[in-house]
Amino acid sequence: LGKDPSSLRVAVLNIQGSYGEDTTQGVLDTLKAAGVTPVDQANYAFGVKDLTSVILKEKQANPDVVIATSYPPDTILYIQQSAQLGFHPGAYIGTGAGQTTAQFLDGVKGAANGVLSAASPIKVNPSQLSADAQAAMTKFDADYQAKYNTAPDQGATLAYVGMMDLLKDVLPQAGSTDPDKVRAAALAADQPLGSSINGWGLKFDANGQNTRASVVIVQWQSGALKIVYPANVAEATLQSVTPNW
């Protein structure tokens with residue numbers, strides 16, 4: 001947008017509930033660290049059928065950027081009603097759930113182009129993968145496309161990666177389905193970055209978080225979701241960040 005981050009006018013929006021509220025707290029903490037105070041902050045209930053009042057309030061605040069934590073149905077509703085109400089922010093950034101699925105694309109069609117989101121990786125630059133992971137990614141993509149007639153989305157990729165970690169790196173070492181043995185085997189697992197089809201590795205910390213998992217920034221370009229950041233796993237360059245609605 002050609003602006004210094006500290007001068008950006010940012011509106012923050014989220015669905016109510018633990019996902020929306022906890023994720024949005026992370027958004028607010030990040031904005032504060034960057035010296036940005038939101039010009040508007042709003043939330044709404046799960047199953048909302050009309051976001052007119054929320055959008056009109058945002059429109060009055062005149063943000064450069066909207067950062068939204070939402071699910072596909074309310075994300076679709078928000079974009080459709082924003083277009084109807086003539087609200088066109090300079091950039092729209094999601095936090096993963098609502099902006100990265102086939103359901104979202106089906107709901108908004110060409111209006112998806114330009115939309116950005118944080119996400120777990122779906123299809124990374126193959127050069128960042130081991131030879132085994134490259135072969136597995138190619139087979140998974142082909143098998144998924146053949147069965148569902150669409151490319152795998154974020155949820156499908158995460159499910160595959162998690163299950164393969166369990167089947168290849170945890171259960172064989174546990175030698176049992178006893179919970180304590182499975183937990184011990186999981187905590188002992190140690191796979192480098194690039195060993196999973198989404199570029200991740202596997203190494204849990206004491207809190208059970210995979211320290212070799214990370215998010216990327218994706219953008220809808222010509223109806224396809226492309227990783228645009230960070231550069232080492234990017235499959236496309238950043239295009240105009242202004243959404244096409």
# chains A, B, ... in the order shown; residues from 1 in each chain; ligands from 1

call {"tool": "select_by_dssp", "arguments": {"residues": "stretch 9-221 of chain A", "states": "helix (DSSP H, G or I)", "output": "MDAnalysis selection string"}}
result
chainID A and resid 18:33 52:61 72:84 102:112 126:128 131:148 154:174 179:188

call {"tool": "residues_around", "arguments": {"residues": "A:Val54", "least_positions_apart": "5", "cutoff": "10 Å", "atoms": "only C-alpha atoms", "output": "MDAnalysis selection string"}}
result
chainID A and resid 13 40:44 59 78 82

call {"tool": "residues_around", "arguments": {"residues": "stretch 103-112 of chain A", "least_positions_apart": "2", "cutoff": "8 Å", "atoms": "only C-alpha atoms", "output": "PDB file with C-alpha atoms, in the first residue's frame"}}
result
ATOM      1  CA  PRO A  72     -16.111 -19.679   5.609  1.00  0.00           C
ATOM      2  CA  PRO A  73     -19.877 -18.904   5.892  1.00  0.00           C
ATOM      3  CA  THR A  75     -16.384 -14.691   5.542  1.00  0.00           C
ATOM      4  CA  ILE A  76     -18.461 -15.191   2.395  1.00  0.00           C
ATOM      5  CA  ILE A  79     -17.383 -10.064   1.375  1.00  0.00           C
ATOM      6  CA  GLN A  80     -20.732 -10.223  -0.398  1.00  0.00           C
ATOM      7  CA  GLY A  98     -12.378 -18.571   6.662  1.00  0.00           C
ATOM      8  CA  GLN A  99     -10.261 -17.564   3.682  1.00  0.00           C
ATOM      9  CA  THR A 100      -8.375 -20.698   2.642  1.00  0.00           C
ATOM     10  CA  THR A 101     -10.991 -23.254   1.596  1.00  0.00           C
ATOM     11  CA  GLY A 114      -6.123 -10.353  -3.866  1.00  0.00           C
ATOM     12  CA  VAL A 115      -7.296 -11.710  -0.510  1.00  0.00           C
ATOM     13  CA  TRP A 220      -5.726 -15.838  -3.968  1.00  0.00           C
ATOM     14  CA  GLN A 221      -4.471 -15.279  -7.508  1.00  0.00           C
ATOM     15  CA  SER A 222      -6.628 -16.077 -10.561  1.00  0.00           C
ATOM     16  CA  GLY A 223      -8.780 -18.393  -8.499  1.00  0.00           C
ATOM     17  CA  PRO A 243      -9.232  -7.458  -2.921  1.00  0.00           C
ATOM     18  CA  ASN A 244     -11.262  -7.794  -6.078  1.00  0.00           C
ATOM     19  CA  TRP A 245     -14.757  -7.127  -4.768  1.00  0.00           C
TER      20      TRP A 245
END

call {"tool": "closest_atom_pairs", "arguments": {"of": "stretch 195-234 of chain A", "to": "stretch 126-129 of chain A", "cutoff": "10 Å", "atoms": "only C-alpha atoms", "output": "Markdown table"}}
result
| residue | atom | partner | partner_atom | distance |
| --- | --- | --- | --- | --- |
| A:Ser195 | CA | A:Leu129 | CA | 6.2 |
| A:Ser196 | CA | A:Leu129 | CA | 7.4 |
| A:Ile197 | CA | A:Leu129 | CA | 7.0 |
| A:Asn198 | CA | A:Leu129 | CA | 8.2 |
| A:Gly199 | CA | A:Leu129 | CA | 6.0 |
| A:Trp200 | CA | A:Leu129 | CA | 8.8 |
| A:Gly201 | CA | A:Leu129 | CA | 9.9 |
| A:Asn232 | CA | A:Gln128 | CA | 7.4 |
| A:Val233 | CA | A:Gln128 | CA | 6.6 |
| A:Ala234 | CA | A:Pro126 | CA | 9.9 |

call {"tool": "residues_around", "arguments": {"residues": "A:Ser214", "least_positions_apart": "5", "cutoff": "12 Å", "atoms": "only C-alpha atoms", "output": "mmCIF file with all heavy atoms, in the first residue's frame"}}
result
data_model
loop_
_atom_site.group_PDB
_atom_site.id
_atom_site.type_symbol
_atom_site.label_atom_id
_atom_site.label_comp_id
_atom_site.auth_asym_id
_atom_site.auth_seq_id
_atom_site.Cartn_x
_atom_site.Cartn_y
_atom_site.Cartn_z
ATOM 1 N N ALA A 118 -2.974 -15.625 6.598
ATOM 2 C CA ALA A 118 -2.014 -16.516 7.235
ATOM 3 C C ALA A 118 -2.594 -17.915 7.135
ATOM 4 O O ALA A 118 -3.811 -18.097 7.186
ATOM 5 C CB ALA A 118 -1.827 -16.124 8.697
ATOM 6 N N ALA A 119 -1.751 -18.909 6.985
ATOM 7 C CA ALA A 119 -2.245 -20.274 6.817
ATOM 8 C C ALA A 119 -1.133 -21.261 7.076
ATOM 9 O O ALA A 119 0.049 -20.925 7.038
ATOM 10 C CB ALA A 119 -2.780 -20.465 5.399
ATOM 11 N N SER A 120 -1.518 -22.499 7.343
ATOM 12 C CA SER A 120 -0.518 -23.553 7.292
ATOM 13 C C SER A 120 -0.272 -23.850 5.822
ATOM 14 O O SER A 120 -1.170 -23.678 4.994
ATOM 15 C CB SER A 120 -1.002 -24.798 8.030
ATOM 16 O OG SER A 120 -2.162 -25.313 7.421
ATOM 17 N N PRO A 121 0.928 -24.267 5.449
ATOM 18 C CA PRO A 121 1.238 -24.458 4.031
ATOM 19 C C PRO A 121 0.384 -25.552 3.398
ATOM 20 O O PRO A 121 0.028 -26.533 4.052
ATOM 21 C CB PRO A 121 2.718 -24.867 4.042
ATOM 22 C CG PRO A 121 3.223 -24.484 5.393
ATOM 23 C CD PRO A 121 2.067 -24.566 6.318
ATOM 24 N N ILE A 122 0.072 -25.364 2.125
ATOM 25 C CA ILE A 122 -0.635 -26.393 1.368
ATOM 26 C C ILE A 122 0.316 -27.025 0.360
ATOM 27 O O ILE A 122 0.587 -28.215 0.408
ATOM 28 C CB ILE A 122 -1.875 -25.814 0.667
ATOM 29 C CG1 ILE A 122 -2.851 -25.239 1.699
ATOM 30 C CG2 ILE A 122 -2.563 -26.885 -0.176
ATOM 31 C CD1 ILE A 122 -4.030 -24.520 1.104
ATOM 32 N N LEU A 158 -3.288 -30.737 6.179
ATOM 33 C CA LEU A 158 -2.967 -30.904 7.592
ATOM 34 C C LEU A 158 -3.323 -32.309 8.076
ATOM 35 O O LEU A 158 -2.572 -32.928 8.838
ATOM 36 C CB LEU A 158 -3.719 -29.869 8.429
ATOM 37 C CG LEU A 158 -3.128 -28.469 8.496
ATOM 38 C CD1 LEU A 158 -4.071 -27.541 9.246
ATOM 39 C CD2 LEU A 158 -1.759 -28.489 9.170
ATOM 40 N N LEU A 193 13.087 -30.170 8.926
ATOM 41 C CA LEU A 193 12.242 -29.382 8.031
ATOM 42 C C LEU A 193 12.321 -29.960 6.621
ATOM 43 O O LEU A 193 13.384 -30.386 6.167
ATOM 44 C CB LEU A 193 12.700 -27.922 8.012
ATOM 45 C CG LEU A 193 12.465 -27.114 9.293
ATOM 46 C CD1 LEU A 193 13.142 -25.748 9.179
ATOM 47 C CD2 LEU A 193 10.978 -26.943 9.560
ATOM 48 N N GLY A 194 11.182 -29.989 5.945
ATOM 49 C CA GLY A 194 11.140 -30.516 4.591
ATOM 50 C C GLY A 194 10.824 -31.989 4.509
ATOM 51 O O GLY A 194 10.734 -32.545 3.414
ATOM 52 N N ASN A 198 4.188 -30.498 3.396
ATOM 53 C CA ASN A 198 3.954 -29.054 3.495
ATOM 54 C C ASN A 198 5.192 -28.294 3.968
ATOM 55 O O ASN A 198 5.099 -27.120 4.349
ATOM 56 C CB ASN A 198 2.769 -28.770 4.411
ATOM 57 C CG ASN A 198 3.011 -29.215 5.843
ATOM 58 O OD1 ASN A 198 3.991 -29.883 6.141
ATOM 59 N ND2 ASN A 198 2.110 -28.856 6.737
ATOM 60 N N GLY A 199 6.333 -28.956 3.968
ATOM 61 C CA GLY A 199 7.586 -28.295 4.329
ATOM 62 C C GLY A 199 7.941 -28.361 5.790
ATOM 63 O O GLY A 199 9.028 -27.924 6.190
ATOM 64 N N TRP A 200 7.030 -28.898 6.610
ATOM 65 C CA TRP A 200 7.299 -28.982 8.034
ATOM 66 C C TRP A 200 8.234 -30.149 8.357
ATOM 67 O O TRP A 200 8.465 -31.035 7.545
ATOM 68 C CB TRP A 200 5.993 -29.174 8.807
ATOM 69 C CG TRP A 200 5.105 -27.976 8.841
ATOM 70 C CD1 TRP A 200 5.360 -26.742 8.323
ATOM 71 C CD2 TRP A 200 3.807 -27.906 9.417
ATOM 72 N NE1 TRP A 200 4.300 -25.893 8.548
ATOM 73 C CE2 TRP A 200 3.326 -26.586 9.227
ATOM 74 C CE3 TRP A 200 2.993 -28.814 10.084
ATOM 75 C CZ2 TRP A 200 2.073 -26.171 9.670
ATOM 76 C CZ3 TRP A 200 1.749 -28.404 10.533
ATOM 77 C CH2 TRP A 200 1.297 -27.094 10.329
ATOM 78 N N GLY A 201 8.733 -30.131 9.586
ATOM 79 C CA GLY A 201 9.394 -31.268 10.185
ATOM 80 C C GLY A 201 8.598 -31.669 11.410
ATOM 81 O O GLY A 201 7.413 -31.328 11.534
ATOM 82 N N LEU A 202 9.236 -32.357 12.340
ATOM 83 C CA LEU A 202 8.512 -32.814 13.528
ATOM 84 C C LEU A 202 9.435 -32.838 14.735
ATOM 85 O O LEU A 202 10.406 -33.594 14.782
ATOM 86 C CB LEU A 202 7.943 -34.219 13.289
ATOM 87 C CG LEU A 202 7.068 -34.810 14.404
ATOM 88 C CD1 LEU A 202 5.807 -33.972 14.595
ATOM 89 C CD2 LEU A 202 6.696 -36.251 14.084
ATOM 90 N N GLN A 209 3.745 -28.650 21.428
ATOM 91 C CA GLN A 209 3.704 -27.859 20.198
ATOM 92 C C GLN A 209 4.819 -28.308 19.259
ATOM 93 O O GLN A 209 5.964 -28.484 19.691
ATOM 94 C CB GLN A 209 3.869 -26.367 20.511
ATOM 95 C CG GLN A 209 2.741 -25.785 21.349
ATOM 96 C CD GLN A 209 1.408 -25.793 20.624
ATOM 97 O OE1 GLN A 209 1.336 -25.520 19.435
ATOM 98 N NE2 GLN A 209 0.358 -26.137 21.337
ATOM 99 N N TYR A 229 4.786 -15.828 0.848
ATOM 100 C CA TYR A 229 5.778 -15.487 1.869
ATOM 101 C C TYR A 229 5.812 -16.611 2.901
ATOM 102 O O TYR A 229 4.756 -17.169 3.208
ATOM 103 C CB TYR A 229 5.417 -14.158 2.549
ATOM 104 C CG TYR A 229 6.396 -13.715 3.597
ATOM 105 C CD1 TYR A 229 7.521 -12.967 3.251
ATOM 106 C CD2 TYR A 229 6.206 -14.049 4.930
ATOM 107 C CE1 TYR A 229 8.427 -12.573 4.231
ATOM 108 C CE2 TYR A 229 7.107 -13.659 5.900
ATOM 109 C CZ TYR A 229 8.218 -12.928 5.541
ATOM 110 O OH TYR A 229 9.122 -12.533 6.506
ATOM 111 N N PRO A 230 7.000 -16.985 3.398
ATOM 112 C CA PRO A 230 8.336 -16.437 3.140
ATOM 113 C C PRO A 230 8.914 -16.901 1.808
ATOM 114 O O PRO A 230 8.412 -17.857 1.208
ATOM 115 C CB PRO A 230 9.164 -16.968 4.313
ATOM 116 C CG PRO A 230 8.484 -18.241 4.688
ATOM 117 C CD PRO A 230 7.022 -18.017 4.449
ATOM 118 N N VAL A 233 9.825 -20.718 0.598
ATOM 119 C CA VAL A 233 8.790 -21.688 0.225
ATOM 120 C C VAL A 233 7.756 -21.096 -0.724
ATOM 121 O O VAL A 233 6.806 -21.762 -1.110
ATOM 122 C CB VAL A 233 8.081 -22.269 1.469
ATOM 123 C CG1 VAL A 233 9.039 -23.077 2.306
ATOM 124 C CG2 VAL A 233 7.433 -21.167 2.297
#

call {"tool": "residues_around", "arguments": {"residues": "stretch 159-175 of chain A", "least_positions_apart": "6", "cutoff": "6 Å", "atoms": "only C-alpha atoms", "output": "number ranges by chain"}}
result
A: 181-182, 185-186

call {"tool": "write_last_selection", "arguments": {"atoms": "N, CA, C and O atoms", "output": "PDB file, in the first residue's frame"}}
result
ATOM      1  N   LYS A 181       2.927 -44.596  26.117  1.00  0.00           N
ATOM      2  CA  LYS A 181       3.990 -44.972  25.181  1.00  0.00           C
ATOM      3  C   LYS A 181       3.895 -44.154  23.893  1.00  0.00           C
ATOM      4  O   LYS A 181       4.922 -43.753  23.326  1.00  0.00           O
ATOM      5  N   VAL A 182       2.667 -43.895  23.447  1.00  0.00           N
ATOM      6  CA  VAL A 182       2.487 -43.072  22.246  1.00  0.00           C
ATOM      7  C   VAL A 182       2.971 -41.648  22.513  1.00  0.00           C
ATOM      8  O   VAL A 182       3.663 -41.043  21.685  1.00  0.00           O
ATOM      9  N   ALA A 185       6.742 -41.581  22.535  1.00  0.00           N
ATOM     10  CA  ALA A 185       7.284 -41.707  21.177  1.00  0.00           C
ATOM     11  C   ALA A 185       7.102 -40.410  20.404  1.00  0.00           C
ATOM     12  O   ALA A 185       7.981 -40.010  19.625  1.00  0.00           O
ATOM     13  N   ALA A 186       5.977 -39.751  20.611  1.00  0.00           N
ATOM     14  CA  ALA A 186       5.736 -38.474  19.920  1.00  0.00           C
ATOM     15  C   ALA A 186       6.747 -37.426  20.375  1.00  0.00           C
ATOM     16  O   ALA A 186       7.317 -36.689  19.559  1.00  0.00           O
TER      17      ALA A 186
END

call {"tool": "residues_around", "arguments": {"residues": "A:Ile15", "least_positions_apart": "3", "cutoff": "10 Å", "atoms": "only C-alpha atoms", "output": "list in words"}}
result
Ser18, Tyr19, Gly20, Glu21, Thr24, Ala42, Asn43, Tyr44, Ala45, Phe46, Gly47, Val48, Ala68, Thr69, Ser70, Tyr71, Asp74 and Thr75 of chain A

call {"tool": "write_last_selection", "arguments": {"atoms": "all heavy atoms", "output": "compact mmCIF listing (two decimals), in the first residue's frame"}}
result
# COMPACT_ATOMS: atom_id res chain seq x y z
N SER A 18 -13.76 -19.11 21.32
CA SER A 18 -12.35 -19.22 21.68
C SER A 18 -11.42 -19.02 20.48
O SER A 18 -10.39 -18.34 20.59
CB SER A 18 -12.06 -20.57 22.34
OG SER A 18 -12.40 -21.64 21.48
N TYR A 19 -11.77 -19.60 19.32
CA TYR A 19 -10.91 -19.42 18.14
C TYR A 19 -10.81 -17.95 17.76
O TYR A 19 -9.71 -17.41 17.61
CB TYR A 19 -11.45 -20.24 16.96
CG TYR A 19 -10.90 -19.80 15.62
CD1 TYR A 19 -9.55 -19.92 15.32
CD2 TYR A 19 -11.73 -19.22 14.65
CE1 TYR A 19 -9.03 -19.51 14.11
CE2 TYR A 19 -11.22 -18.81 13.43
CZ TYR A 19 -9.88 -18.95 13.17
OH TYR A 19 -9.38 -18.52 11.96
N GLY A 20 -11.94 -17.30 17.60
CA GLY A 20 -11.93 -15.90 17.17
C GLY A 20 -11.27 -14.99 18.18
O GLY A 20 -10.49 -14.10 17.81
N GLU A 21 -11.57 -15.20 19.46
CA GLU A 21 -11.07 -14.29 20.49
C GLU A 21 -9.58 -14.50 20.77
O GLU A 21 -8.82 -13.54 20.89
CB GLU A 21 -11.91 -14.46 21.75
CG GLU A 21 -13.34 -13.95 21.55
CD GLU A 21 -14.32 -14.52 22.57
OE1 GLU A 21 -13.87 -15.19 23.54
OE2 GLU A 21 -15.54 -14.32 22.38
N THR A 24 -7.55 -13.34 17.70
CA THR A 24 -7.58 -11.88 17.60
C THR A 24 -6.69 -11.22 18.65
O THR A 24 -6.09 -10.17 18.40
CB THR A 24 -9.02 -11.37 17.72
OG1 THR A 24 -9.76 -11.88 16.60
CG2 THR A 24 -9.08 -9.85 17.68
N ALA A 42 -14.43 -5.09 16.04
CA ALA A 42 -15.80 -5.60 16.14
C ALA A 42 -15.79 -7.11 16.20
O ALA A 42 -14.84 -7.78 15.76
CB ALA A 42 -16.63 -5.13 14.95
N ASN A 43 -16.88 -7.67 16.76
CA ASN A 43 -17.06 -9.12 16.75
C ASN A 43 -18.53 -9.43 16.51
O ASN A 43 -19.38 -8.55 16.63
CB ASN A 43 -16.56 -9.75 18.06
CG ASN A 43 -17.30 -9.22 19.27
OD1 ASN A 43 -18.46 -9.56 19.50
ND2 ASN A 43 -16.63 -8.38 20.06
N TYR A 44 -18.82 -10.68 16.21
CA TYR A 44 -20.19 -11.07 15.90
C TYR A 44 -20.39 -12.53 16.27
O TYR A 44 -19.44 -13.29 16.43
CB TYR A 44 -20.49 -10.84 14.42
CG TYR A 44 -19.51 -11.53 13.49
CD1 TYR A 44 -19.67 -12.86 13.13
CD2 TYR A 44 -18.39 -10.85 13.01
CE1 TYR A 44 -18.75 -13.50 12.30
CE2 TYR A 44 -17.46 -11.49 12.20
CZ TYR A 44 -17.65 -12.80 11.85
OH TYR A 44 -16.75 -13.45 11.05
N ALA A 45 -21.64 -12.93 16.38
CA ALA A 45 -21.97 -14.27 16.85
C ALA A 45 -21.84 -15.32 15.75
O ALA A 45 -22.02 -15.02 14.56
CB ALA A 45 -23.39 -14.29 17.41
N PHE A 46 -21.56 -16.53 16.13
CA PHE A 46 -21.54 -17.67 15.21
C PHE A 46 -22.93 -17.81 14.58
O PHE A 46 -23.95 -17.67 15.25
CB PHE A 46 -21.18 -18.94 15.97
CG PHE A 46 -21.08 -20.16 15.09
CD1 PHE A 46 -19.91 -20.45 14.42
CD2 PHE A 46 -22.16 -21.01 14.95
CE1 PHE A 46 -19.81 -21.58 13.61
CE2 PHE A 46 -22.08 -22.14 14.15
CZ PHE A 46 -20.90 -22.42 13.48
N GLY A 47 -22.97 -18.07 13.29
CA GLY A 47 -24.24 -18.23 12.59
C GLY A 47 -24.89 -16.92 12.18
O GLY A 47 -26.07 -16.91 11.81
N VAL A 48 -24.15 -15.83 12.23
CA VAL A 48 -24.70 -14.52 11.87
C VAL A 48 -25.26 -14.53 10.45
O VAL A 48 -24.72 -15.18 9.55
CB VAL A 48 -23.60 -13.44 12.02
CG1 VAL A 48 -22.47 -13.65 11.02
CG2 VAL A 48 -24.19 -12.04 11.90
N ALA A 68 -9.27 -10.15 9.63
CA ALA A 68 -10.46 -10.87 10.08
C ALA A 68 -10.15 -12.30 10.50
O ALA A 68 -9.42 -13.01 9.81
CB ALA A 68 -11.50 -10.89 8.96
N THR A 69 -10.74 -12.71 11.61
CA THR A 69 -10.68 -14.09 12.07
C THR A 69 -12.09 -14.64 11.97
O THR A 69 -12.98 -14.23 12.73
CB THR A 69 -10.16 -14.17 13.51
OG1 THR A 69 -8.84 -13.61 13.56
CG2 THR A 69 -10.11 -15.60 13.99
N SER A 70 -12.31 -15.56 11.04
CA SER A 70 -13.68 -15.97 10.72
C SER A 70 -13.69 -17.37 10.11
O SER A 70 -12.64 -17.92 9.77
CB SER A 70 -14.29 -14.96 9.73
OG SER A 70 -13.45 -14.79 8.60
N TYR A 71 -14.89 -17.90 9.95
CA TYR A 71 -15.09 -19.18 9.28
C TYR A 71 -15.67 -18.93 7.88
O TYR A 71 -16.11 -17.81 7.59
CB TYR A 71 -16.03 -20.06 10.09
CG TYR A 71 -15.45 -20.55 11.39
CD1 TYR A 71 -16.02 -20.19 12.62
CD2 TYR A 71 -14.33 -21.38 11.42
CE1 TYR A 71 -15.49 -20.64 13.83
CE2 TYR A 71 -13.80 -21.84 12.61
CZ TYR A 71 -14.38 -21.46 13.81
OH TYR A 71 -13.84 -21.90 14.99
N ASP A 74 -19.37 -17.00 7.33
CA ASP A 74 -19.41 -15.59 7.69
C ASP A 74 -18.42 -14.77 6.87
O ASP A 74 -18.66 -13.58 6.60
CB ASP A 74 -19.19 -15.37 9.19
CG ASP A 74 -18.13 -16.26 9.79
OD1 ASP A 74 -18.31 -17.49 9.74
OD2 ASP A 74 -17.12 -15.74 10.30
N THR A 75 -17.32 -15.38 6.43
CA THR A 75 -16.38 -14.69 5.54
C THR A 75 -17.04 -14.39 4.20
O THR A 75 -16.93 -13.28 3.66
CB THR A 75 -15.12 -15.53 5.30
OG1 THR A 75 -14.55 -15.90 6.55
CG2 THR A 75 -14.09 -14.77 4.50

call {"tool": "residues_around", "arguments": {"residues": "A:Gly2", "least_positions_apart": "3", "cutoff": "12 Å", "atoms": "only C-alpha atoms", "output": "count of residues only"}}
result
9

call {"tool": "select_by_dssp", "arguments": {"residues": "stretch 45-203 of chain A", "states": "strand (DSSP E or B)", "output": "count of residues only"}}
result
15

call {"tool": "closest_residue", "arguments": {"among": "A:Leu225, A:Ala33, A:Leu28, A:Ala206", "to": "A:Ala184", "atoms": "only C-alpha atoms"}}
result
A:Ala206
